[in-house]
Each structure stands twice: as C-alpha cells, then as structure tokens.
Amino acid sequence: MSITVGIPQALLYYKYYPLWEGFLGGLGLEVVTSPATNRRILTAGVEAADNEICLPVKVFYGHVLSLKEKVDLLFIPRVVSVEEDAYTCPKFLGLPDMIRAVGDMPEVLDPIFNFRLGSRRVSRDVYSFAKRFTKHPAKVWRAWRHGVDEQRRYVAKLESGWTPVEVLSGKAPPEAKGDMTIGVVGHPYNIHDEYVSMNLVKRLRKMGARVVTSDMLPHRVVEAEANRLPKKLFWTYEKEIVGSAFYWMRSGTVDGMIYMLSFACGPDSLIQVLLEQEAKREGAPALMPLVIDEHSGEAGLVTRVEAFVDMLAWRLN
Amino acid sequence: MPVTWPHLGNLEIVLKDLITAAGQPYILPPKNTARTLQLGLRHSPEFACLPLKITIGNFIEALEAGADTLIMAGGIGPCRFGYYAQVQRAILNDLGYDFEMIVLEPPAMGWKLFVDTLKRIAPGKSLWEIAKAIKLAFRKGRAIDAVEREVLKYRAYERKKGATTKAYRAALNVLDEALFEKDAIDEAKEEALGLVYGVEKDVDRPVLKMGIVGEFYLLLEPFVNFDVEEYLGHSGVSIERSVYVSDWISPGNNNIIGGISEEEIKRAAAPYLNHFVGGEGQATVGHTVIYAGHGFDGVMQLFPFTCMPDTIAKSILPRVGRDFDIPILSLVIDEQTGKAGLITRLEAFLDLLWSRRMQREKRLLSV
C-alpha cells in the first residue's frame, strides 16, 4: 500500500496544487485533498486556531483537522519566497510550526521553498526533501519536472480566464455574457474558496457581469504595474493584488473592482490605503473593498454586491 | 527645516544628540496622549497594528507643531513595519501636509542608498563624522538601556514604593544632559547606575521572576503598554525583557544589553518555530524557551492586535508552556484595551504564579 499524503484545500492550494500533486505523485505518494470548505471545516478551524489570526489561516486549520485521520503525512511546505526579492506572507513562513503546535498531528512534511536564496538552493532543498522517498536523483528530477509542467498548464488555463476551481475540477467557465466587466481583486484563497467568498464570482456572473480575477493576469504584467509604487513591495501576493488593480485602473478594461480582503490580514491592511488612493484619481473605475471574517453573513454581502452592480449599471447607461 | 521622528521609549534622548550633531534643528512630537491615538485612529487603516496608528498620530502632531522633515525607519520585510513609511507618506500627503520624508532603509537594501540617506540627514558632514556620531549614539543608547535593565530587575526589591522610578527618572535626566562625548557618556552612565543601585532594597523579600517577550514597540513604549513594567515591579515581580532599543537597532547579533545572542535565540526556538517569520516572532518563542529553562516563574507576551509575527508566536507558545510546564500570558493590545482590564488579568496571572511557587515549596519541604 502506498503512503498517503494530505494537502489541505486552503491557502496556497489555489496557487500551487498542480505542482505539488505532480511532484508528490511522481515520488510515488498517494495525494489526498480535503473536501471544499464547509461549515464543519470552518467551525473546526475557528476553534483550533488562535483567535487573532486571519480567516484564511483559520480555514486552513479546519482543512488540516478534516484530513488528519485520513492520511499518513501532511504536506505543509514552508513557502518563504517565490521570487528573488520578495517574501510571501509571514504566516506561510510559520505555518508548519503552527500546525505542529496543535498537537496530535500526523507527521508534517515541510520542505522549504526559498527563492531569495536562488534557484540552485531551491533544487538542493527539493532533493534533500525527496531523499526519504526515493534514492534515485533522476526520479526526483522527473517528478519535479512533471509537477512544473502541470503547474505551467494550470497557469496558462488561469490566464485564459478559468478560475482555479474550474481548472482543478475540469469544468469550463460559463459563456461570458453581459456588457459589464468586474475585476475581483484579492487573494485566490479568499475569492476562489466558494464558501469563504460566499460564491462571489458565480454571483456576479449571475447578475450578468463578466468577471476577471487577479490570478488571470500574467505575472509580468502585475509585476510591472506594482513596481510603479515608490518602494517595491516585499510580499509577492500583495504585488499581484496591487498590480492587477493598478492594471485595471490604468487600462480601463473593467468597469468596477471589488477588493475582497479578510479581516486582520496584515499586508492587505496597508495595501488597502494605496489602492483606495489610486482609485480616487479621476476616471479610475470604482473600487469597493469587501472585508470578510468568520462572522460575515451572506445577506450583508449580497446587499452590498447588488448595490455595487446597480451603481455600475447606472454609470454605464 | 525642523526634523522629527516618532516616539519610541527612551530613543529620543539619543536621537536628539544625533540630529544635533548632524547640524539639524528638531521638533519632538508632543508626548503621546489620547489625542495622538485619536488622530492616528482616524487616519489609519482599520486593521493595521497599533504602532502604525500611534506613529501617524505622532507625525500629525509634530507637523502641527512646525516640523517639516519626517524621519522614519524602513525595512525589507516580511513584517509590515518595513512598509510603514510608504503608507504614512501616502496618508499624510492625502491629508494635505507639506513635508519631506526621509526613510532610513537598512543596508540590506543597498549600501549606496543607506549612505545617501545618512548624507541627507546630515548634509555637509563627512562619512567619518557621521560614523563617529553613530558610534557615540550607540554608546549612549546602551548606557540608557543598561540602566533600564537594572531598573526592571531590582524595582521589586525597593523598600519605599516608587523610589526606583524616581531614581530612574533622575538617572535618565543625567544621561540626557550628558555631553555627546565618550568620557562624558561613560561618567554619566556610572552616575546613573549609581542612582539606581542606591535605592534602598529589601533583599530578603520573596519576588517572582518573570520574562517579558513580544513585539518591540509594545515592549518599549510605555504609553501603549500602560507602563505595565512599573506595575509589575510594584507588585513584587523582577523582570527580564527580551528587547532593548539599542539591541533592536544594532546591526550586531550579540544583543549586548539583553545578553542572549541571536544564535542562541534561534537554537532555542528551533524545535517550535524553525524559521524566522519577520519581526520578533522567532525571538518571542526563543526567549520564552530560554526563560523557561532558567526556571522563571512565568512569561508574559505583549503584542499589538493583528501583528503577524507575534500572532504566529502566540499560536505556538502554548506548546512551549506544556513542554516546560511554565505559565505564559499572551496579552494582545489594541486601541480598545483599557488599563483596568489589563491589570485584572495580570493580577490573576500573578496569583497563579504565587500559588504555583507555594505548591512547589510545599512539595520540596514534604520530601
């Protein structure tokens, strides 16, 4: 029987699942994911996680708990950095240790991905992580290549307008209709977790809007836009948020933007100021911040989204 | 062009000398008050951490008082602090203030930028003069911190309540007035320490030993921590603290005042948090482990609400507490925190520590 390794369907799952699945599968491990977020998962996460932490991390705890009886190992990599001069979020740096501190957990696999130290260091870390599963470096290399190829296909699909959920489930997005385009800005783990975002993307589409999200723009575009800030941001995923919003503001390819952020999100608390200031400039598309936490009610969200869409429609006519 | 900077504990005593040596006039922001906090709250993003809100308040009040050049530290992340200056500039610009902002980025962002910034702060001074002034500033900063360390340690033993605080104020005064010269600073340090050591003590009194860890601003700025250290001292608690201003700023890894090197901290934290997470996250865990190993009665963690690194540490500390059987109190502070609530929690914590101490003594006697 092969060894099972669990990948929680939360946080960076939405960014790197194909890479991780391809890599771990190539090493001969059987990958198990947790189900999509539901009430049970959220409640369990909120109970287990520290009070002060942001919603997506609480959700992550819930997914880990739902996996823990079903797997031999948990895959929670320490994603320190994915490019040369930026970090991810501090919480990703401490995630494996936070999960271990819960106690009574399956063994946590926490390979380090730190591209600040250069890609040679990353490949060394990948090899030393994979050593326990295979003695053949060639097999590690093949598994990693396989993961990278999967990831490349995944990113290409995202850039062609599919959401992560659609790519991973293989269901094509519905035919775009309507003459209004709304940009949804935010972390993929918030906007694409349908339970957390309360189906924001589907809801907007149902109201007759075309929807584009931050992860549908190529990285080099958002990078160039984000670097218009006087000081380079040192969080990669915030660069994607700022970059996509700046791009849409400048190019005018959207009619309005919804910025979904979770309460107590550290980096977003600062980014919000920069985005709102940019949005005040004349001619910029409207920007609505939408703050979510574990107490958010669907009715409140729907009311605000409907009002926003009505306002955009009124502006267009 | 009067220069200003935000309050941070005793830092101003040193910065006043340093800016004067740079040949610049300065204006201190008015003391932190409820108004400072109000101004900061009104103009800051909702879930930014308390330090950002208060420093915005400081800048606004200093600009009102006539300052026009703001000095702020930068950083390379991943803690939010490194991006504060950018957000502060954006907010203050939006409010319509006319000012120049000088952001002192760490050399890690490039030596040229670092040197250029120093030259902007001290126009017309040679690098050698600047380096000399900075060295002196560290000398003075360490003298102040050394005095503070002794105050934290010995306040619990004072015979007359308040005598240590009085001596501490006098000592800071001596250091504040000392000329900005090597010998003068050394002399002032001796005199200041003499004042603190001179406080009459009751050395037989039983006291609790507590470690204080957490986020630097909350630990160093009495306005935001309600001067909890003084309260603890008066309640019979001898304190060892993880952060001092000069250690925090100093590029070295030795932590001259705190006495525990970065290396040791990392090693102690490794089984629980095996990577830096920005800010003081790993140091909080490492210090707690070290204090537990030294047989402290308890550890208190202080940090602002939504602080990322210390929230991570807080998630992990319960495991340290279980392993070492040491009580840990995590206090999360924001603008809503009231002194009475804080003191009530501390009183309960101290009761717990005393009863554990008594139990342990009983056990030892009964064997």
# chains A, B, ... in the order shown; residues from 1 in each chain; ligands from 1
$ residues_around --residues "B:Val277" --least-positions-apart "3" --cutoff "9 Å" --atoms "only C-alpha atoms" --output "list in words"
Val80, Cys89, Pro90, Lys91, Phe92, Leu93 and Gly94 of chain A; Pro78, Cys79, Leu273, Glu280, Gly281, Gln282, Met308, Pro309, Asp310 and Ile312 of chain B
$ write_last_selection --atoms "C-alpha atoms" --output "CSV table (one decimal), in the first residue's frame"
chain,number,residue,atom,x,y,z
A,80,VAL,CA,9.3,31.5,2.3
A,89,CYS,CA,3.3,36.3,3.9
A,90,PRO,CA,4.9,35.8,7.4
A,91,LYS,CA,2.1,33.3,8.1
A,92,PHE,CA,3.3,31.0,5.4
A,93,LEU,CA,6.8,31.1,7.0
A,94,GLY,CA,5.4,29.8,10.3
B,78,PRO,CA,8.2,40.4,5.8
B,79,CYS,CA,7.0,42.3,8.8
B,273,LEU,CA,9.5,27.6,15.3
B,280,GLU,CA,10.1,39.4,16.7
B,281,GLY,CA,8.2,36.1,16.1
B,282,GLN,CA,11.0,33.7,16.4
B,308,MET,CA,1.7,38.9,12.1
B,309,PRO,CA,4.9,37.6,13.6
B,310,ASP,CA,3.8,37.6,17.2
B,312,ILE,CA,2.3,33.2,14.9
$ closest_atom_pairs --of "chain B" --to "chain A" --cutoff "9 Å" --atoms "only C-alpha atoms" --output "CSV"
residue,atom,partner,partner_atom,distance
B:Ser44,CA,A:Val273,CA,8.4
B:Pro45,CA,A:Ser269,CA,6.1
B:Glu46,CA,A:Ser269,CA,7.2
B:Phe47,CA,A:Ala264,CA,5.6
B:Ala48,CA,A:Ser269,CA,5.3
B:Cys49,CA,A:Gly266,CA,8.2
B:Ile76,CA,A:Phe234,CA,6.5
B:Gly77,CA,A:Phe234,CA,6.0
B:Pro78,CA,A:Pro90,CA,5.9
B:Cys79,CA,A:Pro90,CA,7.0
B:Arg80,CA,A:Pro267,CA,6.4
B:Gly82,CA,A:Phe234,CA,8.7
B:Tyr83,CA,A:Leu233,CA,7.7
B:Tyr84,CA,A:Leu270,CA,7.9
B:Gln86,CA,A:Lys231,CA,7.2
B:Val87,CA,A:Leu270,CA,6.6
B:Ala90,CA,A:Leu274,CA,7.2
B:Ile91,CA,A:Val273,CA,7.7
B:Asp94,CA,A:Gln277,CA,8.0
B:Pro271,CA,A:Asp97,CA,8.8
B:Tyr272,CA,A:Asp97,CA,6.2
B:Leu273,CA,A:Asp97,CA,5.5
B:Asn274,CA,A:Asp97,CA,7.3
B:His275,CA,A:Leu93,CA,6.8
B:Phe276,CA,A:Leu93,CA,7.2
B:Val277,CA,A:Pro90,CA,5.1
B:Gly278,CA,A:Pro90,CA,6.4
B:Phe305,CA,A:Glu52,CA,7.0
B:Thr306,CA,A:Ala264,CA,5.3
B:Cys307,CA,A:Gly266,CA,7.0
B:Met308,CA,A:Gly266,CA,6.2
B:Pro309,CA,A:Pro90,CA,6.4
B:Thr311,CA,A:Ile53,CA,6.5
B:Ile312,CA,A:Gly94,CA,6.5
B:Ala313,CA,A:Met98,CA,8.2
B:Lys314,CA,A:Asp50,CA,7.6
B:Ser315,CA,A:Asp50,CA,5.6
B:Ile316,CA,A:Ala101,CA,5.3
B:Leu317,CA,A:Ala101,CA,8.1
B:Pro318,CA,A:Ala101,CA,7.6
B:Arg319,CA,A:Ala101,CA,5.6
B:Val320,CA,A:Ala101,CA,8.6
B:Val332,CA,A:Glu52,CA,8.6
$ write_last_selection --atoms "N, CA and C atoms" --output "short mmCIF file (atom, residue, chain, number, x, y, z; two decimals), in the first residue's frame"
data_model
loop_
_atom_site.label_atom_id
_atom_site.label_comp_id
_atom_site.auth_asym_id
_atom_site.auth_seq_id
_atom_site.Cartn_x
_atom_site.Cartn_y
_atom_site.Cartn_z
N SER B 44 -5.79 56.05 10.02
CA SER B 44 -5.06 54.82 9.67
C SER B 44 -6.03 53.76 9.20
N PRO B 45 -5.53 52.81 8.42
CA PRO B 45 -6.37 51.68 8.04
C PRO B 45 -6.79 50.89 9.28
N GLU B 46 -8.00 50.36 9.23
CA GLU B 46 -8.63 49.75 10.40
C GLU B 46 -7.78 48.67 11.05
N PHE B 47 -7.33 47.69 10.28
CA PHE B 47 -6.61 46.62 10.97
C PHE B 47 -5.10 46.63 10.74
N ALA B 48 -4.57 47.83 10.58
CA ALA B 48 -3.13 47.97 10.73
C ALA B 48 -2.84 47.84 12.22
N CYS B 49 -1.58 47.61 12.58
CA CYS B 49 -1.30 47.41 14.00
C CYS B 49 -1.18 48.76 14.73
N ILE B 76 12.99 45.44 5.00
CA ILE B 76 12.83 44.60 3.82
C ILE B 76 11.83 43.48 4.05
N GLY B 77 11.05 43.60 5.11
CA GLY B 77 10.01 42.62 5.35
C GLY B 77 10.52 41.36 5.99
N PRO B 78 9.64 40.37 6.18
CA PRO B 78 8.24 40.38 5.77
C PRO B 78 7.31 41.09 6.75
N CYS B 79 7.83 41.60 7.87
CA CYS B 79 6.97 42.34 8.80
C CYS B 79 6.49 43.62 8.13
N ARG B 80 5.28 44.04 8.44
CA ARG B 80 4.70 45.22 7.82
C ARG B 80 5.49 46.49 8.09
N GLY B 82 8.37 47.43 7.67
CA GLY B 82 9.21 47.89 6.58
C GLY B 82 8.47 48.71 5.55
N TYR B 83 7.15 48.64 5.54
CA TYR B 83 6.40 49.41 4.56
C TYR B 83 5.62 50.56 5.19
N TYR B 84 5.75 50.71 6.50
CA TYR B 84 5.06 51.79 7.20
C TYR B 84 5.28 53.15 6.57
N GLN B 86 6.01 54.19 3.73
CA GLN B 86 5.31 54.43 2.47
C GLN B 86 3.84 54.76 2.72
N VAL B 87 3.25 54.01 3.62
CA VAL B 87 1.83 54.22 3.90
C VAL B 87 1.62 55.53 4.66
N ALA B 90 1.78 58.29 2.19
CA ALA B 90 0.55 58.36 1.40
C ALA B 90 -0.58 59.00 2.22
N ILE B 91 -0.72 58.59 3.46
CA ILE B 91 -1.81 59.12 4.29
C ILE B 91 -1.61 60.60 4.57
N ASP B 94 -2.24 62.72 1.59
CA ASP B 94 -3.67 62.78 1.34
C ASP B 94 -4.32 63.83 2.25
N PRO B 271 13.04 23.92 17.85
CA PRO B 271 12.08 22.81 17.93
C PRO B 271 10.63 23.25 17.80
N TYR B 272 10.37 24.53 18.01
CA TYR B 272 8.98 25.02 18.00
C TYR B 272 8.67 25.91 16.79
N LEU B 273 9.65 26.72 16.41
CA LEU B 273 9.47 27.60 15.26
C LEU B 273 10.81 27.65 14.56
N ASN B 274 10.92 26.85 13.50
CA ASN B 274 12.23 26.59 12.92
C ASN B 274 12.55 27.51 11.74
N HIS B 275 12.05 28.72 11.77
CA HIS B 275 12.35 29.64 10.69
C HIS B 275 12.00 31.04 11.18
N PHE B 276 12.70 32.05 10.69
CA PHE B 276 12.28 33.40 11.08
C PHE B 276 10.95 33.69 10.40
N VAL B 277 10.14 34.51 11.03
CA VAL B 277 8.84 34.85 10.44
C VAL B 277 8.68 36.37 10.39
N GLY B 278 9.80 37.09 10.48
CA GLY B 278 9.74 38.54 10.48
C GLY B 278 9.52 39.05 11.89
N PHE B 305 -2.62 43.89 18.39
CA PHE B 305 -3.61 43.13 17.63
C PHE B 305 -3.27 43.17 16.14
N THR B 306 -3.38 42.06 15.47
CA THR B 306 -3.10 41.82 14.04
C THR B 306 -1.61 41.77 13.70
N CYS B 307 -0.72 41.89 14.70
CA CYS B 307 0.72 41.74 14.44
C CYS B 307 0.96 40.34 13.91
N MET B 308 1.52 40.23 12.71
CA MET B 308 1.65 38.90 12.10
C MET B 308 2.67 38.01 12.81
N PRO B 309 3.92 38.47 12.97
CA PRO B 309 4.92 37.57 13.57
C PRO B 309 4.54 37.11 14.98
N THR B 311 1.58 36.97 16.34
CA THR B 311 0.40 36.12 16.34
C THR B 311 0.81 34.68 16.05
N ILE B 312 1.77 34.52 15.15
CA ILE B 312 2.30 33.18 14.88
C ILE B 312 2.92 32.62 16.16
N ALA B 313 3.72 33.45 16.82
CA ALA B 313 4.36 33.01 18.07
C ALA B 313 3.30 32.63 19.10
N LYS B 314 2.24 33.41 19.17
CA LYS B 314 1.20 33.12 20.16
C LYS B 314 0.56 31.76 19.90
N SER B 315 0.40 31.41 18.61
CA SER B 315 -0.18 30.11 18.28
C SER B 315 0.71 28.97 18.76
N ILE B 316 2.00 29.26 18.88
CA ILE B 316 2.96 28.20 19.19
C ILE B 316 3.30 28.14 20.68
N LEU B 317 3.21 29.28 21.37
CA LEU B 317 3.62 29.33 22.78
C LEU B 317 2.91 28.32 23.69
N PRO B 318 1.62 28.03 23.49
CA PRO B 318 1.00 27.04 24.38
C PRO B 318 1.76 25.71 24.41
N ARG B 319 2.34 25.34 23.26
CA ARG B 319 3.09 24.09 23.22
C ARG B 319 4.36 24.21 24.06
N VAL B 320 5.01 25.36 24.00
CA VAL B 320 6.20 25.60 24.83
C VAL B 320 5.78 25.51 26.30
N VAL B 332 -2.85 40.76 24.07
CA VAL B 332 -2.95 41.40 22.77
C VAL B 332 -3.53 42.78 22.99
#
$ select_by_dssp --residues "stretch 7-237 of chain A" --states "strand (DSSP E)" --output "mmCIF file with N, CA and C atoms, in the first residue's frame"
data_model
loop_
_atom_site.group_PDB
_atom_site.id
_atom_site.type_symbol
_atom_site.label_atom_id
_atom_site.label_comp_id
_atom_site.auth_asym_id
_atom_site.auth_seq_id
_atom_site.Cartn_x
_atom_site.Cartn_y
_atom_site.Cartn_z
ATOM 1 N N ILE A 7 -2.999 17.102 1.343
ATOM 2 C CA ILE A 7 -2.824 18.521 1.004
ATOM 3 C C ILE A 7 -4.135 19.231 1.334
ATOM 4 N N GLU A 30 0.593 8.816 -2.532
ATOM 5 C CA GLU A 30 -0.792 8.988 -2.929
ATOM 6 C C GLU A 30 -1.314 10.277 -2.294
ATOM 7 N N VAL A 31 -1.723 11.237 -3.123
ATOM 8 C CA VAL A 31 -2.151 12.542 -2.621
ATOM 9 C C VAL A 31 -3.639 12.539 -2.291
ATOM 10 N N VAL A 32 -3.949 13.013 -1.107
ATOM 11 C CA VAL A 32 -5.341 13.121 -0.675
ATOM 12 C C VAL A 32 -5.617 14.585 -0.370
ATOM 13 N N THR A 33 -6.714 15.123 -0.884
ATOM 14 C CA THR A 33 -7.039 16.501 -0.514
ATOM 15 C C THR A 33 -8.272 16.518 0.371
ATOM 16 N N LEU A 73 0.776 11.346 6.196
ATOM 17 C CA LEU A 73 1.624 12.529 6.265
ATOM 18 C C LEU A 73 0.824 13.754 5.841
ATOM 19 N N LEU A 74 1.253 14.907 6.334
ATOM 20 C CA LEU A 74 0.635 16.156 5.888
ATOM 21 C C LEU A 74 1.680 16.964 5.139
ATOM 22 N N PHE A 75 1.291 17.515 3.997
ATOM 23 C CA PHE A 75 2.231 18.306 3.218
ATOM 24 C C PHE A 75 1.946 19.791 3.446
ATOM 25 N N ARG A 78 7.040 25.081 3.668
ATOM 26 C CA ARG A 78 7.329 26.424 4.175
ATOM 27 C C ARG A 78 7.681 27.278 2.969
ATOM 28 N N VAL A 79 6.693 27.957 2.411
ATOM 29 C CA VAL A 79 6.913 28.751 1.205
ATOM 30 C C VAL A 79 7.379 30.140 1.636
ATOM 31 N N VAL A 80 8.693 30.266 1.786
ATOM 32 C CA VAL A 80 9.261 31.516 2.289
ATOM 33 C C VAL A 80 9.224 32.584 1.221
ATOM 34 N N SER A 81 9.564 32.181 0.012
ATOM 35 C CA SER A 81 9.695 33.174 -1.050
ATOM 36 C C SER A 81 9.592 32.466 -2.389
ATOM 37 N N GLU A 107 2.667 13.225 10.893
ATOM 38 C CA GLU A 107 3.932 13.910 10.632
ATOM 39 C C GLU A 107 3.742 14.985 9.559
ATOM 40 N N VAL A 108 4.319 16.160 9.800
ATOM 41 C CA VAL A 108 4.190 17.266 8.853
ATOM 42 C C VAL A 108 5.439 17.335 7.979
ATOM 43 N N LEU A 109 5.240 17.242 6.660
ATOM 44 C CA LEU A 109 6.353 17.436 5.725
ATOM 45 C C LEU A 109 6.453 18.924 5.422
ATOM 46 N N ILE A 112 11.349 23.449 2.430
ATOM 47 C CA ILE A 112 11.448 24.910 2.319
ATOM 48 C C ILE A 112 11.547 25.325 0.855
ATOM 49 N N PHE A 113 10.731 26.276 0.456
ATOM 50 C CA PHE A 113 10.901 26.892 -0.862
ATOM 51 C C PHE A 113 11.302 28.337 -0.628
ATOM 52 N N ASN A 114 12.554 28.634 -0.900
ATOM 53 C CA ASN A 114 13.026 29.997 -0.669
ATOM 54 C C ASN A 114 13.831 30.474 -1.863
ATOM 55 N N MET A 180 -20.973 44.337 -18.807
ATOM 56 C CA MET A 180 -20.269 44.938 -17.686
ATOM 57 C C MET A 180 -19.144 43.997 -17.257
ATOM 58 N N THR A 181 -17.942 44.550 -17.009
ATOM 59 C CA THR A 181 -16.840 43.701 -16.550
ATOM 60 C C THR A 181 -16.416 44.146 -15.157
ATOM 61 N N ILE A 182 -16.329 43.178 -14.275
ATOM 62 C CA ILE A 182 -15.915 43.490 -12.900
ATOM 63 C C ILE A 182 -14.629 42.752 -12.576
ATOM 64 N N GLY A 183 -13.657 43.484 -12.065
ATOM 65 C CA GLY A 183 -12.411 42.876 -11.626
ATOM 66 C C GLY A 183 -12.520 42.521 -10.151
ATOM 67 N N VAL A 184 -12.262 41.263 -9.835
ATOM 68 C CA VAL A 184 -12.276 40.873 -8.428
ATOM 69 C C VAL A 184 -10.830 40.765 -7.966
ATOM 70 N N VAL A 185 -10.471 41.649 -7.031
ATOM 71 C CA VAL A 185 -9.099 41.733 -6.545
ATOM 72 C C VAL A 185 -9.021 41.023 -5.202
ATOM 73 N N GLY A 186 -7.976 40.257 -5.002
ATOM 74 C CA GLY A 186 -7.824 39.632 -3.686
ATOM 75 C C GLY A 186 -7.012 38.355 -3.771
ATOM 76 N N ALA A 209 -22.518 39.959 -15.127
ATOM 77 C CA ALA A 209 -21.230 40.629 -15.297
ATOM 78 C C ALA A 209 -20.183 39.622 -15.771
ATOM 79 N N ARG A 210 -19.276 40.081 -16.600
ATOM 80 C CA ARG A 210 -18.075 39.296 -16.873
ATOM 81 C C ARG A 210 -17.148 39.493 -15.682
ATOM 82 N N VAL A 211 -16.491 38.433 -15.262
ATOM 83 C CA VAL A 211 -15.625 38.551 -14.085
ATOM 84 C C VAL A 211 -14.185 38.212 -14.449
ATOM 85 N N VAL A 212 -13.275 39.082 -14.039
ATOM 86 C CA VAL A 212 -11.859 38.742 -14.133
ATOM 87 C C VAL A 212 -11.269 38.823 -12.727
ATOM 88 N N THR A 213 -10.332 37.946 -12.431
ATOM 89 C CA THR A 213 -9.738 37.965 -11.096
ATOM 90 C C THR A 213 -8.228 38.196 -11.203
#
$ closest_residue --among "A:His63, A:Lys157, A:Arg142, A:Lys68" --to "A:Thr4" --atoms "only C-alpha atoms"
A:Lys68
$ atom_distance --atom1 "atom CA of A:Leu27" --atom2 "atom CA of A:Thr134"
7.0 Å
$ closest_residue --among "B:Gly341, B:Gly259, B:Gly23, B:Pro51" --to "B:Lys119" --atoms "only C-alpha atoms"
B:Gly23
$ atom_distance --atom1 "atom CA of A:Ala286" --atom2 "atom CA of A:Gly256"
4.7 Å
$ residues_around --residues "B:Thr20" --least-positions-apart "4" --cutoff "12 Å" --atoms "only C-alpha atoms" --output "ChimeraX atom specification"
/B:2-4,12-16,24-27,121-123,130,133-134,137,179-180
$ residues_around --residues "B:Glu335" --least-positions-apart "4" --cutoff "10 Å" --atoms "only C-alpha atoms" --output "PyMOL selection string"
chain B and resi 34+37-38+41+49-50+53-54+224+304-305
$ atom_distance --atom1 "atom CA of B:Gly198" --atom2 "atom CA of B:Phe296"
26.0 Å
$ select_by_dssp --residues "stretch 140-256 of chain A" --states "alpha helix (DSSP H)" --output "JSON, numbers by chain"
{"A": [140, 141, 142, 143, 144, 145, 146, 147, 148, 149, 150, 151, 152, 153, 154, 155, 156, 157, 158, 159, 164, 165, 166, 167, 168, 169, 188, 189, 190, 191, 200, 201, 202, 203, 204, 205, 206, 219, 220, 221, 222, 223, 224, 225, 226, 236, 237, 238, 239, 240, 241, 242, 243, 244, 245, 246, 247, 248, 249, 250, 251]}
